[in-house]
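Chemist: Quick one: structure below, then a few questions.
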Amino acid sequence: MNKSPWIEQLHRTRPERLLEENVSTDVAIIGGGISGIMTAYFTLRYTEKRVALIEGGLVGHGATGHNAGQIVSDFERPFREMVAQFGLEATSNAVSAIEGTWETLEELMHQTNIQVPISYSTGYIGYSTVEQIKAELENMYWRKQGGLPVETLLIASESKEALQGLNPAYQTFVSYIPNKDIWSLLETDDEQYIAVHSSKRACVNSALLTESLAGYLLQTYPERFSLFEKTMVEMIDLGSRSAAISVVGGKEVKSHRVVLCTNGFEQLHIKNSGVNLDTKFHHSVTGTVGYMAGYLDPIDRPPTANTYFEHDNALKPYEPYFYLTRRPFEIESKLKHNLVCVGGPEFDLEDLSAYDRKHEIPKQTAADLDSFLKRAYAHAPKGEIEYKYQWHGLMGYTPNRLRMIGAEPCNPTLMYNLGCNGIGIMASIFGGKRIAMMLAGKKMKPLLFDPQDMRCLIA
């Protein structure tokens with residue numbers, strides 16, 4: 001089976017519009033996932049510029065329609081590791097910027113009045129080993145030093161003796177409770193978990209959000225917004241003040257600025273007079289396929305979004321972990337269930353051409369998801385579970401696992417809101433607004449997301 005619940009929930013009636021004649025615009029956005037739509041939304045809202053969005057398939061049907069549907073303000077790398085590489089101030093500023101995007105999301109939903117359900121919840125992250133606990137406490141220590149809020153880490157009182165040598169500076173972040181209370185928060189009967197802390201989380205069908213926002217933009221800005229679907233870009237020819245975008249079929253979009261809003265895998269040919277922009281910085285963007293499964297349950301429990309670090313999660317760099325979400329889900333009108341989803345297994349992809357969005361989930365991967373659910377989730381059905389959905393999505397990881405947001409240093413005609421890095425919804429929203437502010441002429445405070453490219457300095 002390979003079936004995404006997010007795509008199934010789309011019931012679009014809007015016909016796709018192909019690029020059938022040459023057009024000109026102020027800003028051309030390439031990529032019609034959540035990143036591209038958010039960039040279009042904020043650009044139209046905060047500037048008077050004309051925007052054309054070009055999507056090779058259908059809006060929301062790529063990675064946006066094949067993700068986990070979680071909204072979190074986390075990064076796919078530890079805070080302590082970012083501090084070691086970038087310094088405390090730069091790391092704290094970047095993390096604060098993403099965490100502040102919760103307010104931006106709420107403003108967006110209020111402004112547009114889009115009726116796409118967002119299930120807010122307190123999520124819990126569970127830990128199984130003393131090593132995992134110490135590593136998380138180090139993250140908390142550095143967050144505190146950087147002036148960021150810190151949640152208390154709840155540790156099983158039964159494990160207190162094993163933490164006798166704990167750094168005294170960490171004690172302020174710790175509270176001890178009975179192990180059974182930790183299991184209760186994680187909704188698990190699995191006794192391997194000995195610590196937990198909470199974080200703000202939410203769940204949304206980002207494909208539905210993207211499609212709904214596209215419709216809103218077409219209706220609200222008919223004179224300034226154009227959307228072209230099933231229009232594959234072949235080449236971007238960059239000049240110093242404008243660009244020519246060639247698409248399959250021979251038509252062309254001329255634009256003052258171009259914004260790439262993709263995973264970073266696109267096999268575009270980008271020409272640039274004067275400086276050779278080897279856009280195969282995409283050669284440094286690695287690909288990972290994430291696998292997920294979900295089943296329907298009675299709607300008798302509140303939304304949740306939990307993460308589970310098991311015994312064998314040895315805190316190796318970027319090691320996969322399991323997660324579970326539960327949120328209300330409606331397929332047929334007025335017939336709601338809870339959709340319980342699990343995910344975690346990943347497969348590194350070296351060649352994009354080897355990935356087929358339609359291929360079925362490997363049997364062993366499906367078995368691993370099922371095994372995790374049955375051992376970790378106390379409310380899992382007894383016996384065989386009827387999975388209504390099994391799906392997978394492609395994630396692009398930049399070398400530093402941070403989103404790339406801003407102008408190409410070698411030629412600012414080209415801009416990026418690029419790379420999902422495993423956790424993409426919140427970063428897409430933040431990136432879209434930041435790009436819009438740049439296009440509006442605002443001077444932006446430097447952040448770790450700013451593109452870095454030394455080639456233009458030595459050309």
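Identifiers for the structure tokens are assigned positionally: chains receive A, B, ... in sequence, residues are indexed from 1 per chain, and ligands are indexed from 1 in the order shown.
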Using only C-alpha atoms, determine which residues lie at most 10 Å from Ala52 (chain A), disregarding the query and same-chain residues fewer than 5 positions distant; provide the list as a PyMOL selection string.
Modeler: chain A and resi 23-30+40+224-228+253-255+258
Chemist: Find the residues near Gly432 (chain A): any atom within 9 Å, counting only C-alpha atoms, skip ones fewer than 4 places away on the same chain, and give them as number ranges by chain.
Modeler: A: 35-43, 405, 417, 427-428, 436-437
Chemist: If you run DSSP over the backbone, which residues in region 56-228 of chain A end up helix (DSSP H, G or I)? Put them as a CSV table (one decimal) with C-alpha atoms, in the first residue's frame.
Modeler:
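Once everything was written out, this is part.csv:
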chain,number,residue,atom,x,y,z
A,63,ALA,CA,6.6,16.4,-0.2
A,64,THR,CA,3.9,18.7,1.3
A,65,GLY,CA,1.3,16.0,0.7
A,66,HIS,CA,3.5,13.2,1.9
A,79,PHE,CA,21.0,22.8,20.3
A,80,ARG,CA,24.3,22.0,22.0
A,81,GLU,CA,25.8,21.0,18.6
A,82,MET,CA,24.6,24.2,16.9
A,83,VAL,CA,26.2,26.2,19.7
A,84,ALA,CA,29.5,24.4,19.2
A,85,GLN,CA,29.5,25.2,15.5
A,86,PHE,CA,27.9,28.6,15.3
A,88,LEU,CA,25.5,30.7,21.4
A,89,GLU,CA,24.2,34.1,20.2
A,90,ALA,CA,23.7,33.0,16.5
A,91,THR,CA,22.1,29.7,17.5
A,92,SER,CA,19.8,31.4,20.0
A,93,ASN,CA,18.7,34.0,17.5
A,94,ALA,CA,17.9,31.3,14.9
A,95,VAL,CA,15.9,29.1,17.3
A,96,SER,CA,14.1,32.1,18.7
A,97,ALA,CA,13.0,33.2,15.2
A,98,ILE,CA,11.5,29.8,14.4
A,99,GLU,CA,9.8,29.4,17.8
A,101,THR,CA,6.6,31.7,14.2
A,102,TRP,CA,3.7,30.2,16.2
A,103,GLU,CA,2.3,33.7,16.4
A,104,THR,CA,2.8,34.2,12.6
A,105,LEU,CA,0.8,31.0,11.9
A,106,GLU,CA,-2.1,32.2,14.2
A,107,GLU,CA,-2.1,35.6,12.5
A,108,LEU,CA,-2.2,33.9,9.0
A,109,MET,CA,-5.2,31.7,9.9
A,110,HIS,CA,-7.0,34.7,11.4
A,111,GLN,CA,-6.2,37.0,8.4
A,112,THR,CA,-7.3,34.5,5.7
A,130,VAL,CA,21.0,8.1,31.1
A,131,GLU,CA,23.1,9.2,28.1
A,132,GLN,CA,20.0,10.6,26.4
A,133,ILE,CA,19.0,12.4,29.5
A,134,LYS,CA,22.4,14.0,30.0
A,135,ALA,CA,22.5,15.1,26.4
A,136,GLU,CA,19.1,16.8,26.6
A,137,LEU,CA,20.1,18.5,29.9
A,138,GLU,CA,23.1,19.9,28.1
A,139,ASN,CA,20.7,21.3,25.4
A,140,MET,CA,18.6,22.8,28.2
A,141,TYR,CA,21.6,24.4,29.8
A,142,TRP,CA,22.7,26.1,26.6
A,143,ARG,CA,19.1,27.2,25.9
A,144,LYS,CA,19.0,28.9,29.3
A,145,GLN,CA,22.3,30.6,28.7
A,157,SER,CA,12.6,8.8,40.7
A,158,GLU,CA,13.5,5.2,40.4
A,159,SER,CA,16.4,6.3,38.2
A,160,LYS,CA,17.7,9.0,40.5
A,161,GLU,CA,20.6,6.9,41.8
A,162,ALA,CA,21.9,6.4,38.2
A,163,LEU,CA,22.2,10.2,37.9
A,168,PRO,CA,25.1,20.5,39.4
A,169,ALA,CA,24.3,23.2,36.7
A,170,TYR,CA,21.7,20.8,35.3
A,171,GLN,CA,19.8,20.2,38.5
A,172,THR,CA,17.6,23.3,38.1
A,173,PHE,CA,16.1,21.7,35.0
A,179,ASN,CA,8.1,6.2,36.5
A,180,LYS,CA,4.4,5.3,36.1
A,181,ASP,CA,3.6,9.0,35.6
A,182,ILE,CA,6.2,9.3,32.8
A,183,TRP,CA,4.6,6.3,31.1
A,184,SER,CA,1.2,7.9,31.5
A,185,LEU,CA,2.3,11.2,29.8
A,186,LEU,CA,3.8,9.2,26.9
A,206,SER,CA,-0.3,20.9,5.1
A,207,ALA,CA,-1.4,19.8,1.6
A,208,LEU,CA,-5.0,21.0,2.5
A,209,LEU,CA,-3.6,24.2,4.0
A,210,THR,CA,-1.4,24.8,0.9
A,211,GLU,CA,-4.3,24.2,-1.5
A,212,SER,CA,-6.7,26.3,0.5
A,213,LEU,CA,-4.2,29.2,0.7
A,214,ALA,CA,-3.6,28.9,-3.1
A,215,GLY,CA,-7.4,29.4,-3.6
A,216,TYR,CA,-7.4,32.3,-1.2
A,217,LEU,CA,-4.6,34.0,-3.1
A,218,LEU,CA,-6.2,33.6,-6.5
A,219,GLN,CA,-9.4,35.1,-5.2
A,220,THR,CA,-7.9,37.9,-3.1
Chemist: For each of A:Lys230, A:His197, A:Arg45, A:Arg326, take the minimum atom-to-atom distance to Tyr377 (chain A), counting only C-alpha atoms, then give the residue where this is smallest.
Modeler: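 Closest to Tyr377 (chain A), using only C-alpha atoms: A:Arg326.
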Chemist: Between A:Cys261, A:Cys410, A:Met444, A:Ile118, single out the one closest to Gly62 (chain A), counting only C-alpha atoms.
Modeler: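 Among the listed residues, the smallest separation from Gly62 (chain A) belongs to A:Cys261.
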Chemist: Which of region 80-235 of chain A end up as strand (DSSP E) when DSSP is run on this backbone - answer as a PDB file with N, CA and C atoms, in the first residue's frame?
Modeler:
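What follows is the written file states17.pdb:
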ATOM      1  N   ILE A 118      -6.433  22.874  12.646  1.00  0.00           N
ATOM      2  CA  ILE A 118      -5.117  22.718  13.247  1.00  0.00           C
ATOM      3  C   ILE A 118      -5.330  22.185  14.654  1.00  0.00           C
ATOM      4  N   SER A 119      -4.755  21.038  14.945  1.00  0.00           N
ATOM      5  CA  SER A 119      -4.929  20.391  16.248  1.00  0.00           C
ATOM      6  C   SER A 119      -3.731  20.702  17.130  1.00  0.00           C
ATOM      7  N   TYR A 120      -3.904  21.649  18.038  1.00  0.00           N
ATOM      8  CA  TYR A 120      -2.828  22.019  18.949  1.00  0.00           C
ATOM      9  C   TYR A 120      -2.775  21.030  20.108  1.00  0.00           C
ATOM     10  N   SER A 121      -1.564  20.798  20.607  1.00  0.00           N
ATOM     11  CA  SER A 121      -1.420  19.871  21.719  1.00  0.00           C
ATOM     12  C   SER A 121      -0.112  20.124  22.451  1.00  0.00           C
ATOM     13  N   THR A 122      -0.010  19.551  23.632  1.00  0.00           N
ATOM     14  CA  THR A 122       1.272  19.461  24.320  1.00  0.00           C
ATOM     15  C   THR A 122       1.891  18.134  23.932  1.00  0.00           C
ATOM     16  N   GLY A 123       3.020  18.196  23.286  1.00  0.00           N
ATOM     17  CA  GLY A 123       3.701  16.969  22.888  1.00  0.00           C
ATOM     18  C   GLY A 123       4.708  16.560  23.947  1.00  0.00           C
ATOM     19  N   TYR A 124       4.972  15.276  23.998  1.00  0.00           N
ATOM     20  CA  TYR A 124       5.928  14.761  24.981  1.00  0.00           C
ATOM     21  C   TYR A 124       7.044  13.999  24.281  1.00  0.00           C
ATOM     22  N   ILE A 125       8.253  14.209  24.754  1.00  0.00           N
ATOM     23  CA  ILE A 125       9.438  13.547  24.213  1.00  0.00           C
ATOM     24  C   ILE A 125       9.973  12.618  25.282  1.00  0.00           C
ATOM     25  N   GLY A 126      10.049  11.343  24.956  1.00  0.00           N
ATOM     26  CA  GLY A 126      10.467  10.346  25.932  1.00  0.00           C
ATOM     27  C   GLY A 126      11.891   9.874  25.712  1.00  0.00           C
ATOM     28  N   TYR A 127      12.603   9.628  26.825  1.00  0.00           N
ATOM     29  CA  TYR A 127      14.001   9.185  26.786  1.00  0.00           C
ATOM     30  C   TYR A 127      14.142   7.882  27.566  1.00  0.00           C
ATOM     31  N   LEU A 153      12.681  18.858  32.737  1.00  0.00           N
ATOM     32  CA  LEU A 153      12.826  17.460  32.346  1.00  0.00           C
ATOM     33  C   LEU A 153      12.371  16.604  33.525  1.00  0.00           C
ATOM     34  N   LEU A 154      11.323  15.836  33.316  1.00  0.00           N
ATOM     35  CA  LEU A 154      10.789  14.957  34.353  1.00  0.00           C
ATOM     36  C   LEU A 154      11.500  13.618  34.272  1.00  0.00           C
ATOM     37  N   ILE A 155      12.157  13.243  35.359  1.00  0.00           N
ATOM     38  CA  ILE A 155      12.945  12.007  35.389  1.00  0.00           C
ATOM     39  C   ILE A 155      12.343  11.062  36.421  1.00  0.00           C
ATOM     40  N   ALA A 156      12.349   9.790  36.103  1.00  0.00           N
ATOM     41  CA  ALA A 156      11.809   8.785  37.009  1.00  0.00           C
ATOM     42  C   ALA A 156      12.592   8.777  38.323  1.00  0.00           C
ATOM     43  N   VAL A 174      15.606  19.815  36.409  1.00  0.00           N
ATOM     44  CA  VAL A 174      15.155  18.455  36.679  1.00  0.00           C
ATOM     45  C   VAL A 174      14.101  18.417  37.774  1.00  0.00           C
ATOM     46  N   SER A 175      13.121  17.567  37.567  1.00  0.00           N
ATOM     47  CA  SER A 175      12.165  17.239  38.613  1.00  0.00           C
ATOM     48  C   SER A 175      11.931  15.741  38.563  1.00  0.00           C
ATOM     49  N   TYR A 176      11.823  15.103  39.739  1.00  0.00           N
ATOM     50  CA  TYR A 176      11.674  13.651  39.796  1.00  0.00           C
ATOM     51  C   TYR A 176      10.230  13.281  40.097  1.00  0.00           C
ATOM     52  N   ILE A 177       9.712  12.351  39.330  1.00  0.00           N
ATOM     53  CA  ILE A 177       8.348  11.849  39.522  1.00  0.00           C
ATOM     54  C   ILE A 177       8.365  10.332  39.373  1.00  0.00           C
ATOM     55  N   ALA A 195      12.393   9.177  31.330  1.00  0.00           N
ATOM     56  CA  ALA A 195      12.347  10.637  31.411  1.00  0.00           C
ATOM     57  C   ALA A 195      11.483  11.186  30.293  1.00  0.00           C
ATOM     58  N   VAL A 196      10.948  12.400  30.517  1.00  0.00           N
ATOM     59  CA  VAL A 196      10.081  13.013  29.526  1.00  0.00           C
ATOM     60  C   VAL A 196      10.086  14.525  29.725  1.00  0.00           C
ATOM     61  N   HIS A 197       9.952  15.260  28.629  1.00  0.00           N
ATOM     62  CA  HIS A 197       9.644  16.688  28.761  1.00  0.00           C
ATOM     63  C   HIS A 197       8.666  17.081  27.679  1.00  0.00           C
ATOM     64  N   SER A 198       8.037  18.229  27.867  1.00  0.00           N
ATOM     65  CA  SER A 198       6.941  18.640  26.990  1.00  0.00           C
ATOM     66  C   SER A 198       7.392  19.726  26.035  1.00  0.00           C
ATOM     67  N   SER A 199       6.628  19.895  24.955  1.00  0.00           N
ATOM     68  CA  SER A 199       6.859  20.980  24.012  1.00  0.00           C
ATOM     69  C   SER A 199       5.556  21.281  23.292  1.00  0.00           C
ATOM     70  N   LYS A 200       5.424  22.525  22.814  1.00  0.00           N
ATOM     71  CA  LYS A 200       4.225  22.906  22.067  1.00  0.00           C
ATOM     72  C   LYS A 200       4.272  22.298  20.687  1.00  0.00           C
ATOM     73  N   ARG A 201       3.171  21.665  20.288  1.00  0.00           N
ATOM     74  CA  ARG A 201       3.101  21.026  18.977  1.00  0.00           C
ATOM     75  C   ARG A 201       1.701  21.165  18.408  1.00  0.00           C
ATOM     76  N   ALA A 202       1.581  20.854  17.135  1.00  0.00           N
ATOM     77  CA  ALA A 202       0.278  20.847  16.484  1.00  0.00           C
ATOM     78  C   ALA A 202       0.339  19.918  15.285  1.00  0.00           C
ATOM     79  N   CYS A 203      -0.821  19.590  14.765  1.00  0.00           N
ATOM     80  CA  CYS A 203      -0.910  18.754  13.568  1.00  0.00           C
ATOM     81  C   CYS A 203      -1.831  19.442  12.562  1.00  0.00           C
ATOM     82  N   VAL A 204      -1.471  19.340  11.286  1.00  0.00           N
ATOM     83  CA  VAL A 204      -2.283  19.932  10.238  1.00  0.00           C
ATOM     84  C   VAL A 204      -2.052  19.151   8.951  1.00  0.00           C
ATOM     85  N   PHE A 225      -1.582  37.871  -8.754  1.00  0.00           N
ATOM     86  CA  PHE A 225      -1.121  36.499  -8.514  1.00  0.00           C
ATOM     87  C   PHE A 225      -1.526  35.580  -9.656  1.00  0.00           C
ATOM     88  N   SER A 226      -0.525  34.861 -10.185  1.00  0.00           N
ATOM     89  CA  SER A 226      -0.765  33.849 -11.217  1.00  0.00           C
ATOM     90  C   SER A 226      -0.200  32.526 -10.724  1.00  0.00           C
ATOM     91  N   LEU A 227      -0.920  31.452 -10.969  1.00  0.00           N
ATOM     92  CA  LEU A 227      -0.487  30.119 -10.551  1.00  0.00           C
ATOM     93  C   LEU A 227      -0.489  29.194 -11.753  1.00  0.00           C
ATOM     94  N   PHE A 228       0.673  28.622 -12.062  1.00  0.00           N
ATOM     95  CA  PHE A 228       0.810  27.696 -13.179  1.00  0.00           C
ATOM     96  C   PHE A 228       1.212  26.323 -12.641  1.00  0.00           C
ATOM     97  N   VAL A 233       9.901  23.579 -14.891  1.00  0.00           N
ATOM     98  CA  VAL A 233      10.970  24.523 -15.222  1.00  0.00           C
ATOM     99  C   VAL A 233      12.190  23.758 -15.722  1.00  0.00           C
ATOM    100  N   GLU A 234      12.761  24.235 -16.825  1.00  0.00           N
ATOM    101  CA  GLU A 234      13.964  23.623 -17.384  1.00  0.00           C
ATOM    102  C   GLU A 234      15.220  24.430 -17.075  1.00  0.00           C
ATOM    103  N   MET A 235      15.119  25.763 -17.181  1.00  0.00           N
ATOM    104  CA  MET A 235      16.315  26.579 -17.028  1.00  0.00           C
ATOM    105  C   MET A 235      15.954  27.951 -16.488  1.00  0.00           C
TER     106      MET A 235
END
Chemist: Fewer than 5 positions away in the same chain doesn't count, so skip those; otherwise give me all residues within 8 Å of Arg257 (chain A), counting only C-alpha atoms, as a compact mmCIF listing (two decimals) with N, CA and C atoms, in the first residue's frame.
Modeler:
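Writing done, so here's out-v4.txt:
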# COMPACT_ATOMS: atom_id res chain seq x y z
N ASP A 26 6.96 40.33 -11.34
CA ASP A 26 7.99 40.89 -10.47
C ASP A 26 8.74 39.81 -9.72
N VAL A 27 8.00 38.81 -9.24
CA VAL A 27 8.59 37.72 -8.45
C VAL A 27 8.07 36.39 -8.99
N ALA A 28 8.97 35.51 -9.38
CA ALA A 28 8.60 34.16 -9.81
C ALA A 28 9.03 33.19 -8.71
N ARG A 241 19.68 42.09 -13.13
CA ARG A 241 18.48 42.74 -12.62
C ARG A 241 17.20 41.95 -12.91
N SER A 242 17.31 40.86 -13.64
CA SER A 242 16.11 40.09 -13.98
C SER A 242 16.52 38.68 -14.37
N ALA A 243 15.51 37.84 -14.59
CA ALA A 243 15.76 36.45 -14.97
C ALA A 243 14.74 36.01 -16.00
N PRO A 412 21.87 38.32 -6.37
CA PRO A 412 20.66 38.42 -5.56
C PRO A 412 19.37 38.37 -6.35
N THR A 413 19.46 38.29 -7.69
CA THR A 413 18.24 38.05 -8.47
C THR A 413 17.62 36.72 -8.07
N LEU A 414 18.46 35.78 -7.64
CA LEU A 414 18.00 34.45 -7.21
C LEU A 414 17.91 34.41 -5.69
N MET A 415 16.78 33.91 -5.18
CA MET A 415 16.58 33.79 -3.74
C MET A 415 16.15 32.37 -3.39
Chemist: Could you tell me how far CA of Asn2 (chain A) sits from CA of Asp312 (chain A), in Å to one decimal place?
Modeler: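 The value is 28.0 Å.
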Chemist: Go ahead and compute the interatomic distance for CA of Leu349 (chain A) and CA of Thr262 (chain A), in Å to one decimal.
Modeler: 16.5 Å
Chemist: Would you please work out which residue, of A:Ala366, A:Leu439, A:Ala380, A:Leu19, is nearest to Met1 (chain A) when using only C-alpha atoms?
Modeler: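 That would be A:Ala366, the residue with the smallest distance to Met1 (chain A).
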Chemist: Give the answer as one residue: which of A:Pro15, A:Asp190, A:Thr231, A:Gly69 has the shortest atom-to-atom distance to Leu53 (chain A), using only C-alpha atoms?
Modeler: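 The answer is A:Thr231, which sits nearest to Leu53 (chain A).
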Chemist: Just the number, please: distance in Å from CA of Tyr416 (chain A) to CA of Gly431 (chain A), one decimal.
Modeler: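 Answer for the CA of Tyr416 (chain A) to CA of Gly431 (chain A) separation: 8.7 Å.
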Chemist: Which neighbours of Tyr323 (chain A) fall inside 7 Å, counting only C-alpha atoms, when residues of the same chain fewer than 2 positions from it are skipped, and could you give them as a list in words?
Modeler: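 Here the answer would be Asn306, Thr307, Tyr308, Tyr321, Thr325, Val342, Gly343 and Gly344 of chain A.
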Chemist: Which one is closest to Pro117 (chain A): A:Arg50, A:Arg327, A:Lys363, A:Lys443? Count only C-alpha atoms.
Modeler: A:Arg327
Chemist: Please build the interface table for region 300-372 of chain A against region 389-394 of chain A with a cut-off of 12 Å, listing for each qualifying residue the nearest atom pair and the distance in Å to one decimal; count only C-alpha atoms, order rows by chain and increasing number, and write it as JSON lines.
Modeler:
{"residue": "A:Leu339", "atom": "CA", "partner": "A:Tyr389", "partner_atom": "CA", "distance": 9.7}
{"residue": "A:Val340", "atom": "CA", "partner": "A:Tyr389", "partner_atom": "CA", "distance": 10.0}
{"residue": "A:Cys341", "atom": "CA", "partner": "A:Tyr389", "partner_atom": "CA", "distance": 8.7}
{"residue": "A:Val342", "atom": "CA", "partner": "A:Gln390", "partner_atom": "CA", "distance": 9.7}
{"residue": "A:Gly343", "atom": "CA", "partner": "A:His392", "partner_atom": "CA", "distance": 9.3}
{"residue": "A:Gly344", "atom": "CA", "partner": "A:His392", "partner_atom": "CA", "distance": 10.5}
{"residue": "A:Pro345", "atom": "CA", "partner": "A:His392", "partner_atom": "CA", "distance": 9.8}
{"residue": "A:Glu346", "atom": "CA", "partner": "A:His392", "partner_atom": "CA", "distance": 9.2}
{"residue": "A:Phe347", "atom": "CA", "partner": "A:Leu394", "partner_atom": "CA", "distance": 9.6}
{"residue": "A:Asp348", "atom": "CA", "partner": "A:Leu394", "partner_atom": "CA", "distance": 9.7}
{"residue": "A:Leu349", "atom": "CA", "partner": "A:Leu394", "partner_atom": "CA", "distance": 8.9}
{"residue": "A:Glu350", "atom": "CA", "partner": "A:Leu394", "partner_atom": "CA", "distance": 11.8}
{"residue": "A:Asp351", "atom": "CA", "partner": "A:Leu394", "partner_atom": "CA", "distance": 11.8}
{"residue": "A:Leu352", "atom": "CA", "partner": "A:Leu394", "partner_atom": "CA", "distance": 9.3}
{"residue": "A:Ser353", "atom": "CA", "partner": "A:Leu394", "partner_atom": "CA", "distance": 11.9}
{"residue": "A:Ala354", "atom": "CA", "partner": "A:Leu394", "partner_atom": "CA", "distance": 11.5}
{"residue": "A:Tyr355", "atom": "CA", "partner": "A:Leu394", "partner_atom": "CA", "distance": 8.2}
{"residue": "A:Asp356", "atom": "CA", "partner": "A:Leu394", "partner_atom": "CA", "distance": 9.5}
{"residue": "A:Arg357", "atom": "CA", "partner": "A:Gly393", "partner_atom": "CA", "distance": 7.2}
{"residue": "A:Lys358", "atom": "CA", "partner": "A:Trp391", "partner_atom": "CA", "distance": 8.8}
{"residue": "A:His359", "atom": "CA", "partner": "A:His392", "partner_atom": "CA", "distance": 8.8}
{"residue": "A:Glu360", "atom": "CA", "partner": "A:Trp391", "partner_atom": "CA", "distance": 7.6}
{"residue": "A:Ile361", "atom": "CA", "partner": "A:Trp391", "partner_atom": "CA", "distance": 6.7}
{"residue": "A:Pro362", "atom": "CA", "partner": "A:Gln390", "partner_atom": "CA", "distance": 10.3}
{"residue": "A:Lys363", "atom": "CA", "partner": "A:Gln390", "partner_atom": "CA", "distance": 11.0}
{"residue": "A:Thr365", "atom": "CA", "partner": "A:Gln390", "partner_atom": "CA", "distance": 10.3}
{"residue": "A:Ala366", "atom": "CA", "partner": "A:Gln390", "partner_atom": "CA", "distance": 8.0}
{"residue": "A:Ala367", "atom": "CA", "partner": "A:Gln390", "partner_atom": "CA", "distance": 11.5}
{"residue": "A:Leu369", "atom": "CA", "partner": "A:Gln390", "partner_atom": "CA", "distance": 10.0}
{"residue": "A:Asp370", "atom": "CA", "partner": "A:Gln390", "partner_atom": "CA", "distance": 11.0}
Chemist: Grab the residues selected above and save them as a CSV table (one decimal), in the first residue's frame with N, CA and C atoms.
Modeler:
chain,number,residue,atom,x,y,z
A,339,LEU,N,-7.2,10.1,13.7
A,339,LEU,CA,-6.2,9.5,12.8
A,339,LEU,C,-5.0,9.3,13.7
A,340,VAL,N,-4.5,8.1,13.9
A,340,VAL,CA,-3.3,7.8,14.7
A,340,VAL,C,-2.2,7.5,13.7
A,341,CYS,N,-1.2,8.2,13.7
A,341,CYS,CA,-0.1,8.0,12.7
A,341,CYS,C,1.2,7.7,13.5
A,342,VAL,N,2.0,6.9,12.9
A,342,VAL,CA,3.4,6.6,13.4
A,342,VAL,C,4.4,6.8,12.2
A,343,GLY,N,5.6,7.2,12.6
A,343,GLY,CA,6.6,7.3,11.6
A,343,GLY,C,8.0,7.2,12.3
A,344,GLY,N,9.0,7.2,11.4
A,344,GLY,CA,10.4,7.1,12.0
A,344,GLY,C,11.4,6.5,11.1
A,345,PRO,N,11.1,5.3,10.5
A,345,PRO,CA,12.1,4.7,9.6
A,345,PRO,C,12.4,5.6,8.4
A,346,GLU,N,13.7,5.6,8.1
A,346,GLU,CA,14.2,6.4,7.0
A,346,GLU,C,15.1,5.7,6.1
A,347,PHE,N,15.2,6.1,4.9
A,347,PHE,CA,16.1,5.5,3.9
A,347,PHE,C,16.9,6.6,3.2
A,348,ASP,N,18.2,6.7,3.3
A,348,ASP,CA,19.0,7.7,2.7
A,348,ASP,C,19.0,7.4,1.2
A,349,LEU,N,18.9,8.5,0.4
A,349,LEU,CA,18.8,8.4,-1.0
A,349,LEU,C,19.9,9.2,-1.6
A,350,GLU,N,20.7,8.5,-2.4
A,350,GLU,CA,21.9,9.2,-3.0
A,350,GLU,C,21.5,9.7,-4.4
A,351,ASP,N,20.5,9.2,-5.1
A,351,ASP,CA,20.2,9.5,-6.4
A,351,ASP,C,18.7,9.8,-6.5
A,352,LEU,N,18.3,11.1,-6.8
A,352,LEU,CA,16.9,11.4,-6.8
A,352,LEU,C,16.1,10.6,-7.8
A,353,SER,N,16.8,10.2,-8.9
A,353,SER,CA,16.1,9.4,-10.0
A,353,SER,C,15.7,8.1,-9.5
A,354,ALA,N,16.3,7.6,-8.3
A,354,ALA,CA,15.9,6.3,-7.8
A,354,ALA,C,14.7,6.4,-6.9
A,355,TYR,N,14.1,7.6,-6.7
A,355,TYR,CA,13.0,7.7,-5.8
A,355,TYR,C,11.7,7.8,-6.7
A,356,ASP,N,10.7,6.9,-6.3
A,356,ASP,CA,9.4,6.9,-6.9
A,356,ASP,C,8.4,7.1,-5.9
A,357,ARG,N,7.7,8.3,-6.0
A,357,ARG,CA,6.7,8.6,-5.0
A,357,ARG,C,5.6,7.6,-4.9
A,358,LYS,N,5.4,6.8,-5.9
A,358,LYS,CA,4.3,5.8,-6.0
A,358,LYS,C,4.7,4.4,-5.5
A,359,HIS,N,6.0,4.2,-5.2
A,359,HIS,CA,6.3,2.8,-4.8
A,359,HIS,C,5.8,2.5,-3.4
A,360,GLU,N,5.5,1.2,-3.2
A,360,GLU,CA,4.9,0.8,-1.9
A,360,GLU,C,5.9,0.8,-0.8
A,361,ILE,N,5.4,0.9,0.4
A,361,ILE,CA,6.3,0.8,1.6
A,361,ILE,C,6.9,-0.6,1.6
A,362,PRO,N,8.2,-0.7,1.8
A,362,PRO,CA,8.8,-2.1,2.0
A,362,PRO,C,8.1,-2.8,3.2
A,363,LYS,N,8.0,-4.1,3.0
A,363,LYS,CA,7.3,-4.9,4.0
A,363,LYS,C,8.0,-4.8,5.4
A,365,THR,N,9.7,-2.3,6.6
A,365,THR,CA,9.5,-1.0,7.1
A,365,THR,C,8.1,-1.0,7.7
A,366,ALA,N,7.1,-1.5,7.0
A,366,ALA,CA,5.7,-1.6,7.6
A,366,ALA,C,5.7,-2.4,8.8
A,367,ALA,N,6.5,-3.5,8.9
A,367,ALA,CA,6.5,-4.3,10.1
A,367,ALA,C,7.2,-3.6,11.2
A,369,LEU,N,7.1,-0.3,11.7
A,369,LEU,CA,6.2,0.7,12.2
A,369,LEU,C,5.1,0.0,13.1
A,370,ASP,N,4.6,-1.1,12.7
A,370,ASP,CA,3.6,-1.8,13.4
A,370,ASP,C,4.2,-2.3,14.8
Chemist: Find the spatial neighbours of Arg401 (chain A), counting only C-alpha atoms, within a cut-off of 9 Å - ignore same-chain residues fewer than 6 positions away - and output them as a ChimeraX atom specification.
Modeler: /A:75-77,419-422
